[in-house]
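To be precise, the following lines are final.tsv, and they hold TSV, C-alpha atoms and all ligand atoms.
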```tsv
chain	number	residue	atom	x	y	z
B	691	MET	CA	162.83	37.31	60.52
B	692	SER	CA	164.23	40.62	61.78
B	693	GLU	CA	166.98	40.44	64.36
B	694	GLU	CA	165.01	42.28	67.07
B	695	LYS	CA	162.38	39.56	67.09
B	696	LEU	CA	164.83	36.78	67.89
B	697	SER	CA	164.16	35.15	71.21
B	698	ILE	CA	166.53	33.19	73.42
B	699	GLU	CA	164.31	30.17	72.88
B	700	GLU	CA	164.65	30.36	69.10
B	701	LEU	CA	168.40	30.89	69.23
B	702	GLY	CA	169.04	27.88	71.46
B	703	GLU	CA	172.11	27.64	73.69
B	704	PHE	CA	174.78	27.68	70.97
B	705	GLY	CA	172.94	30.27	68.86
B	706	LEU	CA	172.72	32.51	71.90
B	707	ILE	CA	176.43	32.18	72.67
B	708	SER	CA	177.45	33.10	69.11
B	709	HIS	CA	174.85	35.89	68.95
B	710	LEU	CA	176.17	37.50	72.13
B	711	THR	CA	179.85	37.04	71.36
B	712	GLU	CA	180.09	37.65	67.60
B	713	LYS	CA	181.48	41.19	68.08
B	714	PHE	CA	184.32	39.96	70.27
B	715	LYS	CA	187.57	39.51	68.40
B	716	ASP	CA	190.67	38.25	70.18
B	717	LYS	CA	193.23	41.02	70.60
B	718	ARG	CA	195.90	39.35	72.67
B	719	GLU	CA	198.73	37.37	71.24
B	720	GLU	CA	198.46	35.05	74.26
B	721	THR	CA	194.90	34.03	73.37
B	722	ILE	CA	195.51	30.88	71.37
B	723	ARG	CA	191.95	29.52	71.37
B	724	SER	CA	188.94	31.34	72.79
B	725	ILE	CA	185.24	30.48	72.53
B	726	GLY	CA	184.30	27.23	70.82
B	727	ASP	CA	186.16	24.40	72.48
B	728	ASP	CA	185.96	22.52	75.77
B	729	ALA	CA	188.46	24.96	77.23
B	730	ALA	CA	190.21	28.14	76.14
B	731	VAL	CA	193.95	27.92	75.51
B	732	ILE	CA	196.16	30.83	76.57
B	733	GLY	CA	199.81	31.64	77.20
B	734	LYS	CA	203.09	32.43	75.50
B	735	GLY	CA	205.54	29.65	76.22
B	736	LYS	CA	205.61	26.02	75.18
B	737	ILE	CA	203.45	25.08	78.15
B	738	LYS	CA	200.00	26.53	77.66
B	739	THR	CA	197.26	27.17	80.19
B	740	VAL	CA	193.76	25.83	79.52
B	741	VAL	CA	190.69	27.30	81.22
B	742	SER	CA	187.10	26.11	81.38
B	743	THR	CA	183.99	27.16	83.33
B	744	ASP	CA	180.78	25.29	84.06
B	745	MET	CA	177.80	26.28	86.12
B	746	LEU	CA	175.31	24.05	87.93
B	747	VAL	CA	171.93	25.61	88.74
B	748	GLU	CA	169.43	24.15	91.20
B	749	GLY	CA	166.25	23.04	89.46
B	750	VAL	CA	168.03	22.94	86.08
B	751	HIS	CA	171.08	20.75	86.63
B	752	PHE	CA	170.27	19.19	89.97
B	753	ASP	CA	167.37	18.50	92.29
B	754	LEU	CA	168.22	18.71	95.97
B	755	SER	CA	165.32	16.42	96.86
B	756	TYR	CA	167.42	13.44	95.77
B	757	VAL	CA	170.96	14.63	95.06
B	758	PRO	CA	173.24	14.35	98.12
B	759	LEU	CA	175.19	17.60	98.55
B	760	LYS	CA	178.48	15.74	98.84
B	761	HIS	CA	177.92	14.11	95.46
B	762	LEU	CA	176.89	17.45	93.99
B	763	GLY	CA	180.16	19.06	95.10
B	764	TYR	CA	182.12	16.15	93.68
B	765	LYS	CA	180.23	16.24	90.38
B	766	ALA	CA	180.63	20.01	90.05
B	767	VAL	CA	184.41	19.52	90.02
B	768	VAL	CA	184.24	16.46	87.75
B	769	VAL	CA	182.29	18.23	85.00
B	770	ASN	CA	184.96	20.94	84.93
B	771	VAL	CA	188.08	18.79	84.99
B	772	SER	CA	186.44	16.66	82.28
B	773	ASP	CA	186.64	19.68	79.94
B	774	ILE	CA	190.35	20.05	80.76
B	775	TYR	CA	191.03	16.37	79.96
B	776	ALA	CA	189.11	16.86	76.70
B	777	MET	CA	191.99	19.18	75.65
B	778	ASN	CA	194.46	16.39	76.52
B	779	ALA	CA	195.63	18.63	79.37
B	780	GLU	CA	196.11	18.14	83.10
B	781	PRO	CA	193.85	20.06	85.51
B	782	LYS	CA	195.80	21.85	88.24
B	783	GLN	CA	193.59	24.39	89.99
B	784	ILE	CA	189.92	25.29	90.42
B	785	THR	CA	187.99	28.30	91.65
B	786	VAL	CA	184.54	27.76	93.15
B	787	SER	CA	181.78	30.37	93.24
B	788	ILE	CA	178.47	29.83	94.97
B	789	ALA	CA	175.24	31.77	95.23
B	790	VAL	CA	173.16	30.52	98.15
B	791	SER	CA	170.35	31.73	100.41
B	792	SER	CA	171.42	32.59	103.97
B	793	LYS	CA	168.59	30.27	105.06
B	794	PHE	CA	170.36	27.30	103.51
B	795	PRO	CA	171.61	24.97	106.28
B	796	LEU	CA	175.31	25.38	107.02
B	797	GLU	CA	175.77	21.61	107.36
B	798	ALA	CA	174.49	21.21	103.80
B	799	LEU	CA	177.11	23.64	102.48
B	800	GLU	CA	179.76	21.86	104.51
B	801	GLU	CA	178.75	18.63	102.79
B	802	LEU	CA	178.95	20.31	99.41
B	803	TYR	CA	182.50	21.38	100.21
B	804	GLU	CA	183.35	17.90	101.47
B	805	GLY	CA	182.50	16.63	98.00
B	806	ILE	CA	184.55	19.40	96.39
B	807	HIS	CA	187.44	18.55	98.71
B	808	ARG	CA	187.26	14.87	97.85
B	809	ALA	CA	187.33	15.63	94.12
B	810	CYS	CA	190.32	17.96	94.63
B	811	GLU	CA	192.16	15.00	96.18
B	812	VAL	CA	191.15	12.50	93.49
B	813	TYR	CA	191.98	14.82	90.58
B	814	ASN	CA	194.98	16.39	92.30
B	815	VAL	CA	193.81	19.99	91.92
B	816	ASP	CA	194.06	22.93	94.31
B	817	LEU	CA	191.14	25.14	95.26
B	818	ILE	CA	192.63	28.61	94.75
B	819	GLY	CA	189.67	30.98	95.10
B	820	GLY	CA	186.13	31.79	94.14
B	821	ASP	CA	183.26	34.03	95.15
B	822	THR	CA	180.29	33.82	97.51
B	823	SER	CA	176.99	35.60	97.07
B	824	THR	CA	173.53	35.42	98.52
B	825	SER	CA	170.81	34.02	96.28
B	826	LEU	CA	167.09	34.72	96.12
B	827	SER	CA	166.25	31.53	94.30
B	828	GLY	CA	168.11	28.31	94.81
B	829	LEU	CA	171.72	27.24	94.87
B	830	THR	CA	174.14	27.95	92.00
B	831	ILE	CA	177.67	26.59	91.79
B	832	SER	CA	180.09	27.88	89.19
B	833	ILE	CA	183.51	26.31	88.88
B	834	THR	CA	186.46	27.33	86.75
B	835	ALA	CA	189.12	24.72	86.11
B	836	ILE	CA	192.65	25.63	85.06
B	837	GLY	CA	195.04	23.16	83.54
B	838	GLU	CA	198.26	22.85	81.60
B	839	ALA	CA	199.55	21.08	78.52
B	840	GLU	CA	202.46	21.28	76.15
B	841	GLU	CA	201.41	23.03	72.96
B	842	PRO	CA	201.79	20.15	70.45
B	843	LYS	CA	199.79	17.80	72.67
B	844	ILE	CA	196.74	20.04	73.03
B	845	VAL	CA	193.78	18.52	71.17
B	846	TYR	CA	190.96	20.62	69.73
B	847	ARG	CA	187.48	19.75	68.49
B	848	ASN	CA	187.85	21.08	64.98
B	849	THR	CA	190.88	19.17	63.72
B	850	ALA	CA	189.48	15.75	62.80
B	851	GLN	CA	190.49	14.50	59.35
B	852	ASP	CA	188.48	12.71	56.67
B	853	GLY	CA	188.89	8.95	57.19
B	854	ASP	CA	189.88	9.20	60.89
B	855	LEU	CA	188.49	6.59	63.25
B	856	LEU	CA	185.84	7.85	65.69
B	857	ILE	CA	186.51	6.40	69.12
B	858	CYS	CA	184.95	6.76	72.56
B	859	SER	CA	185.73	5.77	76.12
B	860	GLY	CA	183.29	4.08	78.51
B	861	ASP	CA	179.62	3.47	77.90
B	862	TYR	CA	176.60	5.66	77.34
B	863	GLY	CA	173.10	6.30	78.62
B	864	GLY	CA	173.79	5.21	82.22
B	865	ALA	CA	173.61	8.68	83.78
B	866	TYR	CA	170.39	9.34	81.89
B	867	MET	CA	168.80	6.12	83.14
B	868	GLY	CA	169.96	6.97	86.67
B	869	LEU	CA	168.12	10.27	86.34
B	870	GLN	CA	164.98	8.56	85.04
B	871	LEU	CA	165.04	6.24	88.02
B	872	LEU	CA	165.50	9.06	90.54
B	873	GLU	CA	162.73	11.10	88.91
B	874	ARG	CA	160.37	8.13	88.96
B	875	GLU	CA	160.97	7.46	92.63
B	876	LYS	CA	160.50	11.16	93.38
B	877	GLN	CA	157.06	11.05	91.78
B	878	VAL	CA	156.19	7.87	93.72
B	879	PHE	CA	157.32	9.57	96.93
B	880	LYS	CA	155.24	12.68	96.16
B	881	ALA	CA	152.14	10.53	95.75
B	882	ALA	CA	152.84	8.39	98.83
B	883	PRO	CA	155.44	9.93	101.17
B	884	THR	CA	155.74	6.74	103.23
B	885	ALA	CA	156.76	4.66	100.19
B	886	GLN	CA	160.36	3.42	100.21
B	887	PRO	CA	162.28	4.25	97.03
B	888	LYS	CA	162.93	1.20	94.82
B	889	LEU	CA	166.54	1.83	93.92
B	890	ASP	CA	168.06	-1.56	94.75
B	891	GLY	CA	170.08	-3.30	92.09
B	892	ASN	CA	170.59	-0.08	90.13
B	893	ASP	CA	173.89	0.99	91.64
B	894	TYR	CA	175.61	1.36	88.31
B	895	VAL	CA	173.21	3.86	86.73
B	896	LEU	CA	172.77	5.77	90.01
B	897	GLU	CA	176.51	6.12	90.33
B	898	ARG	CA	176.76	7.29	86.72
B	899	GLN	CA	174.22	10.01	87.50
B	900	LEU	CA	175.19	11.02	91.02
B	901	LYS	CA	178.92	10.41	91.16
B	902	PRO	CA	180.45	10.45	87.69
B	903	GLU	CA	184.22	10.41	87.21
B	904	ALA	CA	186.23	12.37	84.65
B	905	ARG	CA	188.43	10.15	82.44
B	906	LYS	CA	191.86	11.04	83.72
B	907	ASP	CA	192.84	7.41	83.07
B	908	ILE	CA	192.11	7.84	79.35
B	909	ILE	CA	194.53	10.76	79.09
B	910	LYS	CA	197.16	8.58	80.77
B	911	GLN	CA	196.36	5.68	78.45
B	912	LEU	CA	196.69	7.88	75.36
B	913	ALA	CA	200.12	8.99	76.57
B	914	GLU	CA	201.12	5.35	77.19
B	915	ILE	CA	200.15	4.19	73.72
B	916	GLU	CA	201.76	7.37	72.34
B	917	VAL	CA	198.73	8.69	70.52
B	918	VAL	CA	197.75	12.33	70.27
B	919	PRO	CA	194.16	12.24	68.95
B	920	THR	CA	193.42	14.38	65.91
B	921	SER	CA	190.41	15.80	67.79
B	922	MET	CA	188.69	15.30	71.13
B	923	ILE	CA	185.65	16.48	73.12
B	924	ASP	CA	184.08	15.38	76.39
B	925	VAL	CA	180.58	13.95	76.28
B	926	SER	CA	178.44	16.15	78.48
B	927	ASP	CA	175.42	16.90	76.28
B	928	GLY	CA	174.92	13.47	74.70
B	929	LEU	CA	177.06	11.36	72.39
B	930	ALA	CA	175.15	12.44	69.25
B	931	SER	CA	175.49	16.12	70.07
B	932	GLU	CA	179.27	15.80	70.59
B	933	ILE	CA	179.68	13.77	67.37
B	934	PHE	CA	178.02	16.71	65.61
B	935	HIS	CA	180.38	19.18	67.28
B	936	ILE	CA	183.45	17.29	66.05
B	937	ALA	CA	182.04	16.77	62.55
B	938	THR	CA	180.64	20.27	62.05
B	939	GLN	CA	183.58	22.12	63.56
B	940	SER	CA	186.04	19.98	61.55
B	941	ASP	CA	183.98	20.60	58.38
B	942	LEU	CA	183.41	16.88	57.90
B	943	GLY	CA	180.72	14.23	57.91
B	944	CYS	CA	180.79	11.02	59.87
B	945	GLN	CA	179.41	7.51	59.89
B	946	ILE	CA	178.76	5.64	63.12
B	947	TYR	CA	177.47	2.12	63.69
B	948	GLU	CA	174.58	1.58	66.09
B	949	ASP	CA	175.84	-1.85	67.12
B	950	LYS	CA	179.23	-0.40	68.09
B	951	ILE	CA	177.86	2.11	70.61
B	952	PRO	CA	178.88	0.82	74.04
B	953	ILE	CA	175.90	0.44	76.39
B	954	ASP	CA	176.22	-1.26	79.78
B	955	GLU	CA	173.88	-4.20	80.38
B	956	ALA	CA	172.28	-2.51	83.41
B	957	THR	CA	171.57	0.62	81.34
B	958	TYR	CA	170.19	-1.47	78.49
B	959	ASN	CA	167.83	-3.48	80.69
B	960	LEU	CA	166.59	-0.46	82.61
B	961	ALA	CA	165.91	1.45	79.38
B	962	ARG	CA	163.83	-1.51	78.21
B	963	ASP	CA	161.93	-1.52	81.54
B	964	PHE	CA	161.14	2.15	80.99
B	965	ASN	CA	160.00	1.42	77.42
B	966	LEU	CA	162.86	3.52	76.07
B	967	ASP	CA	165.13	2.68	73.16
B	968	PRO	CA	168.61	2.05	74.69
B	969	THR	CA	170.32	3.51	71.59
B	970	VAL	CA	168.34	6.74	71.90
B	971	CYS	CA	169.27	6.95	75.61
B	972	ALA	CA	172.94	6.37	74.75
B	973	LEU	CA	172.97	8.94	71.94
B	974	ASN	CA	170.92	11.67	73.55
B	975	GLY	CA	171.00	11.09	77.30
B	976	GLY	CA	174.02	13.17	78.23
B	977	GLU	CA	176.07	13.60	81.41
B	978	ASP	CA	178.26	10.60	80.60
B	979	TYR	CA	181.51	12.59	81.00
B	980	GLU	CA	183.33	10.20	78.71
B	981	LEU	CA	185.76	11.26	75.98
B	982	LEU	CA	185.04	11.16	72.26
B	983	LEU	CA	188.07	11.34	69.98
B	984	THR	CA	189.30	10.82	66.46
B	985	VAL	CA	192.59	9.21	65.51
B	986	SER	CA	194.33	8.46	62.25
B	987	GLN	CA	193.58	5.04	60.72
B	988	THR	CA	197.27	4.24	61.00
B	989	ASP	CA	196.70	3.97	64.79
B	990	PHE	CA	194.00	1.30	64.36
B	991	ASP	CA	196.10	-1.47	65.94
B	992	LYS	CA	196.54	0.56	69.13
B	993	PHE	CA	192.78	0.80	69.60
B	994	LYS	CA	191.24	-2.33	68.12
B	995	ASN	CA	191.41	-4.57	71.20
B	996	ASN	CA	192.11	-1.86	73.75
B	997	PRO	CA	189.65	-2.22	76.68
B	998	PHE	CA	189.71	1.55	77.31
B	999	PHE	CA	188.16	2.37	73.94
B	1000	SER	CA	185.40	1.50	71.47
B	1001	ILE	CA	185.73	2.29	67.77
B	1002	ILE	CA	182.24	3.46	66.80
B	1003	GLY	CA	182.73	4.82	63.30
B	1004	HIS	CA	184.82	7.04	61.07
B	1005	MET	CA	184.89	10.56	59.69
B	1006	THR	CA	183.77	11.15	56.11
B	1007	ASP	CA	183.64	14.16	53.81
B	1008	LYS	CA	181.13	16.86	54.65
B	1009	PRO	CA	178.63	16.22	51.80
B	1010	SER	CA	178.12	12.64	53.08
B	1011	GLY	CA	176.54	14.09	56.26
B	1012	VAL	CA	176.43	12.65	59.76
B	1013	ASN	CA	174.89	9.19	59.59
B	1014	MET	CA	174.32	6.03	61.56
B	1015	VAL	CA	174.27	2.50	60.19
B	1016	ILE	CA	171.42	0.96	62.18
B	1017	LYS	CA	171.04	-2.66	63.20
B	1018	ASP	CA	169.27	-3.73	59.97
B	1019	ARG	CA	172.28	-2.23	58.07
B	1020	SER	CA	170.32	0.69	56.62
B	1021	VAL	CA	171.80	4.17	56.92
B	1022	VAL	CA	169.88	6.93	58.69
B	1023	PRO	CA	170.85	10.56	59.38
B	1024	LEU	CA	171.92	11.00	63.00
B	1025	LYS	CA	169.92	13.47	65.07
B	1026	ALA	CA	171.44	15.49	67.87
B	1027	GLN	CA	168.95	16.20	70.60
B	1028	GLY	CA	171.40	16.87	73.38
B	1029	TRP	CA	170.53	18.42	76.68
B	1030	ASN	CA	169.83	21.88	75.43
B	1031	HIS	CA	168.80	23.65	78.60
B	1032	MET	CA	167.47	26.58	76.62
B	1033	ASN	CA	165.24	24.26	74.66
B	1034	LYS	CA	161.51	24.02	75.27
B	1035	GLU	CA	161.79	20.27	75.74
B	1036	ALA	CA	164.47	20.55	78.42
B	1101	LIG	P1	181.05	22.51	77.23
B	1101	LIG	O1	179.78	21.77	76.88
B	1101	LIG	O2	182.26	21.82	76.75
B	1101	LIG	O3	181.11	22.90	78.68
B	1101	LIG	P2	179.71	24.81	76.27
B	1101	LIG	O4	178.82	24.15	75.30
B	1101	LIG	O5	179.19	25.16	77.60
B	1101	LIG	O6	181.01	23.90	76.42
B	1101	LIG	O7	180.29	26.13	75.64
B	1101	LIG	C1	180.76	26.19	74.29
B	1101	LIG	C2	181.74	27.34	74.18
B	1101	LIG	O8	181.09	28.59	74.41
B	1101	LIG	C3	182.88	27.29	75.18
B	1101	LIG	O9	184.04	27.76	74.52
B	1101	LIG	C4	182.44	28.27	76.26
B	1101	LIG	O10	183.54	28.82	76.94
B	1101	LIG	C5	181.71	29.33	75.46
B	1101	LIG	N1	180.66	30.04	76.21
B	1101	LIG	C6	179.57	29.49	76.83
B	1101	LIG	N2	178.78	30.44	77.38
B	1101	LIG	C7	179.38	31.63	77.14
B	1101	LIG	C8	179.05	32.99	77.44
B	1101	LIG	N3	177.95	33.30	78.13
B	1101	LIG	N4	179.91	33.95	77.03
B	1101	LIG	C9	181.03	33.64	76.35
B	1101	LIG	N5	181.38	32.39	76.00
B	1101	LIG	C10	180.57	31.38	76.38
B	1102	MG	MG	183.05	19.87	77.06
```
Structure re-expressed in structure tokens:
Amino acid sequence: MSEEKLSIEELGEFGLISHLTEKFKDKREETIRSIGDDAAVIGKGKIKTVVSTDMLVEGVHFDLSYVPLKHLGYKAVVVNVSDIYAMNAEPKQITVSIAVSSKFPLEALEELYEGIHRACEVYNVDLIGGDTSTSLSGLTISITAIGEAEEPKIVYRNTAQDGDLLICSGDYGGAYMGLQLLEREKQVFKAAPTAQPKLDGNDYVLERQLKPEARKDIIKQLAEIEVVPTSMIDVSDGLASEIFHIATQSDLGCQIYEDKIPIDEATYNLARDFNLDPTVCALNGGEDYELLLTVSQTDFDKFKNNPFFSIIGHMTDKPSGVNMVIKDRSVVPLKAQGWNHMNKEA
């Protein structure tokens, strides 16, 4: 296929990024790590600055018919500081840029900023700037998070070693099930606007979707047990997709165990109610904002009964591929079908 005929759709999100940026070579001595990780790493001294940007677009990342603006503001900060924690760094400042129609109610924007303010308190970051523009179609929020870490403690995605343990925080699939629930009730409401949404008893998954937290506590825990992971990534696009990022970028394979993937009971039961496979929801759902890391096997004792973590597998050599041992003990290749917003299925 000739290059001119390539479409954005065919390239996919990551193909598009590398296609557009392949000509860019770092020129500055201060650019330690540029494109390709959760955050860029820059600076000259021992203490490095880490920088990450994420954008939330109405109709793509959020639906204002059921997402409270305050939660949206909070989540917009969370998704950014999560990328800073994924470098084992501490977020310190954010900038916030918005594009919004002048017809948008002022009170709604105030609520958005209340959520942003709350998150700035919780994550101890300062709002130091941004940009404001009018928009012709919907609300867009773009946040840049800036953090700091000492050079030897910064953790990248591409430095896992063969034989390392693959470990994750939290549990998976909850945010996805929360979204399924909200979407279902939206459809019910469209058909019968007087119907009351049936959301009772689903607080956990709704909270996972609407008000996620970034795992600042995990970074603290790692410092307490004196472990610097060999690699780390935050789980925004789905556990499977992030496992692939670590394996591929570290030039390794990996083996995970289906029965070790942590899934909350509420998530599990709701997935079953929706006739969905809970494992598929956990692997491909996305928006969990947990941390996925690898550590040397010599650190096994620090993780084996640690309530903050689940050991879900180990890294292998590249030719072995990325595989999952399923519940009947057979081995199947893992598929990454993360939230690719450029994808037709998204
Ligand atoms: P994450 O999921 O951790 O937020 P992304 O998947 O969004 O990371 O991005 C992967 C890498 O590509 C990051 O290093 C990001 O900074 C970079 N990137 C994304 N979009 C662009 C772009 N339009 N131009 C340059 N770099 C980009
Ligand atoms: Mg990330």
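Taking all atoms listed in the file into account, the protein and nucleic acid residues that come at most 7 Å from ligand LIG 1101 (chain B) are B:Phe704, B:Ile707, B:Thr711, B:Ser724, B:Ile725, B:Gly726, B:Asp727, B:Asp728, B:Ala729, B:Ala730, B:Ser742, B:Thr743, B:Asp744, B:Asp773, B:Asp924, B:Ser926, B:Asp927.
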Under the rule of at most 12 Å, produce a per-residue listing of chain B near ligand MG 1102 (chain B): chain, number, name, the closest pair of atoms, and the distance in Å, as a tab-separated table, using all atoms listed in the file.
```
residue	atom	partner	partner_atom	distance
B:Ile725	CA	B:MG1102	MG	11.7
B:Gly726	CA	B:MG1102	MG	9.7
B:Asp727	CA	B:MG1102	MG	7.2
B:Asp728	CA	B:MG1102	MG	4.1
B:Ala729	CA	B:MG1102	MG	7.4
B:Ala730	CA	B:MG1102	MG	11.0
B:Val741	CA	B:MG1102	MG	11.4
B:Ser742	CA	B:MG1102	MG	8.6
B:Thr743	CA	B:MG1102	MG	9.7
B:Asp744	CA	B:MG1102	MG	9.1
B:Val768	CA	B:MG1102	MG	11.3
B:Val769	CA	B:MG1102	MG	8.1
B:Asn770	CA	B:MG1102	MG	8.2
B:Val771	CA	B:MG1102	MG	9.5
B:Ser772	CA	B:MG1102	MG	7.0
B:Asp773	CA	B:MG1102	MG	4.6
B:Ile774	CA	B:MG1102	MG	8.2
B:Tyr775	CA	B:MG1102	MG	9.2
B:Ala776	CA	B:MG1102	MG	6.8
B:Met777	CA	B:MG1102	MG	9.1
B:Asn778	CA	B:MG1102	MG	11.9
B:Ala835	CA	B:MG1102	MG	11.9
B:Tyr846	CA	B:MG1102	MG	10.8
B:Arg847	CA	B:MG1102	MG	9.6
B:Ala904	CA	B:MG1102	MG	11.1
B:Met922	CA	B:MG1102	MG	9.4
B:Ile923	CA	B:MG1102	MG	5.8
B:Asp924	CA	B:MG1102	MG	4.7
B:Val925	CA	B:MG1102	MG	6.5
B:Ser926	CA	B:MG1102	MG	6.1
B:Asp927	CA	B:MG1102	MG	8.2
B:Gly928	CA	B:MG1102	MG	10.6
B:Leu929	CA	B:MG1102	MG	11.4
B:Ser931	CA	B:MG1102	MG	11.0
B:Glu932	CA	B:MG1102	MG	8.5
B:Ile933	CA	B:MG1102	MG	11.9
B:His935	CA	B:MG1102	MG	10.2
B:Ile936	CA	B:MG1102	MG	11.3
B:Gly976	CA	B:MG1102	MG	11.3
B:Glu977	CA	B:MG1102	MG	10.3
B:Asp978	CA	B:MG1102	MG	11.0
B:Tyr979	CA	B:MG1102	MG	8.4
B:Glu980	CA	B:MG1102	MG	9.8
B:Leu981	CA	B:MG1102	MG	9.1
B:Leu982	CA	B:MG1102	MG	10.1
```
Tell me, in Å to one decimal, how far atom CA of Ile909 of chain B is from atom CA of Tyr764 of chain B.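 Atom-to-atom, atom CA of Ile909 of chain B to atom CA of Tyr764 of chain B, that is 19.9 Å.
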Using only C-alpha atoms, find all polymer residues with an atom at most 10 Å away from the point (177.1, 16.8, 94.9); report them as a list in words. Phe752, Leu754, Val757, Pro758, Leu759, Lys760, His761, Leu762, Gly763, Tyr764, Lys765, Ala766, Val767, Glu801, Leu802, Tyr803, Glu804, Gly805, Ile806, Leu900 and Lys901 of chain B
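Closest approach to Leu817 of chain B among B:Thr849, B:Gln870, B:Asn959, B:Thr834 is made by B:Thr834 (distances from all atoms listed in the file).
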Interatomic distance, atom CA of Val790 of chain B to atom CA of His807 of chain B (Å, one decimal):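 Between these atoms lies a distance of 18.6 Å.
Between Ile836 of chain B and the candidates B:Val740, B:Val895, B:Val918, B:Val786, the tightest atom-to-atom separation, counting all atoms listed in the file, involves B:Val740.
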In Å, how far is it from atom CA of Leu869 of chain B to atom CA of Glu948 of chain B? 23.0 Å
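Closest to Pro919 of chain B among B:Ile833, B:Ala809, B:Leu1024, B:Ile844 is B:Ile844, based on all atoms listed in the file.
Nearest residue to Thr969 of chain B, choosing from B:Lys888, B:Gly864, B:Pro1009, B:Tyr894 and counting only C-alpha atoms: B:Gly864.
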Which polymer residues have any atom within 6 Å of an atom of segment 1014-1017 of chain B, counting all atoms listed in the file, with same-chain residues fewer than 4 positions away left out, as a tab-separated table (two decimals) with C-alpha atoms, keeping the file's coordinate frame?
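So selection29.tsv came out as:
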```tsv
chain	number	residue	atom	x	y	z
B	945	GLN	CA	179.41	7.51	59.89
B	946	ILE	CA	178.76	5.64	63.12
B	947	TYR	CA	177.47	2.12	63.69
B	948	GLU	CA	174.58	1.58	66.09
B	1021	VAL	CA	171.80	4.17	56.92
B	1022	VAL	CA	169.88	6.93	58.69
B	1024	LEU	CA	171.92	11.00	63.00
```
If we count all atoms listed in the file, what is near Gly975 of chain B at a cut-off of 8 Å, once residues fewer than 4 positions away on the same chain are taken out, given as a list of chain:residue names?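 Near Gly975 of chain B, the qualifying residues are B:Tyr862, B:Gly863, B:Ala865, B:Tyr866, B:Met867, B:Asp927, B:Gly928, B:Leu929, B:Val970, B:Cys971, B:Gly1028, B:Trp1029.
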So, counting only C-alpha atoms, which residue among B:Cys944, B:Leu856, B:Asn848, B:Thr957 is closest to Phe990 of chain B?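 The answer is B:Leu856, which sits nearest to Phe990 of chain B.
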Could you give me, as an MDAnalysis selection string, the residues that sit within 6 Å of (198.3, 35.8, 74.1) in the file's coordinates, counting all atoms listed in the file? chainID B and resid 718:721 732:733
Which one is closest to Asp941 of chain B: B:Leu855, B:Ala779, B:Ala850, B:Ile1001? Count all atoms listed in the file. B:Ala850
Around all listed atoms of segment 746-761 of chain B, padded 3 Å per side, what centre and edge lengths does the axis-aligned box have in Å to one decimal, as AutoDock Vina command-line options?
```
--center_x 171.9 --center_y 19.5 --center_z 92.5 --size_x 19.2 --size_y 18.2 --size_z 18.8
```
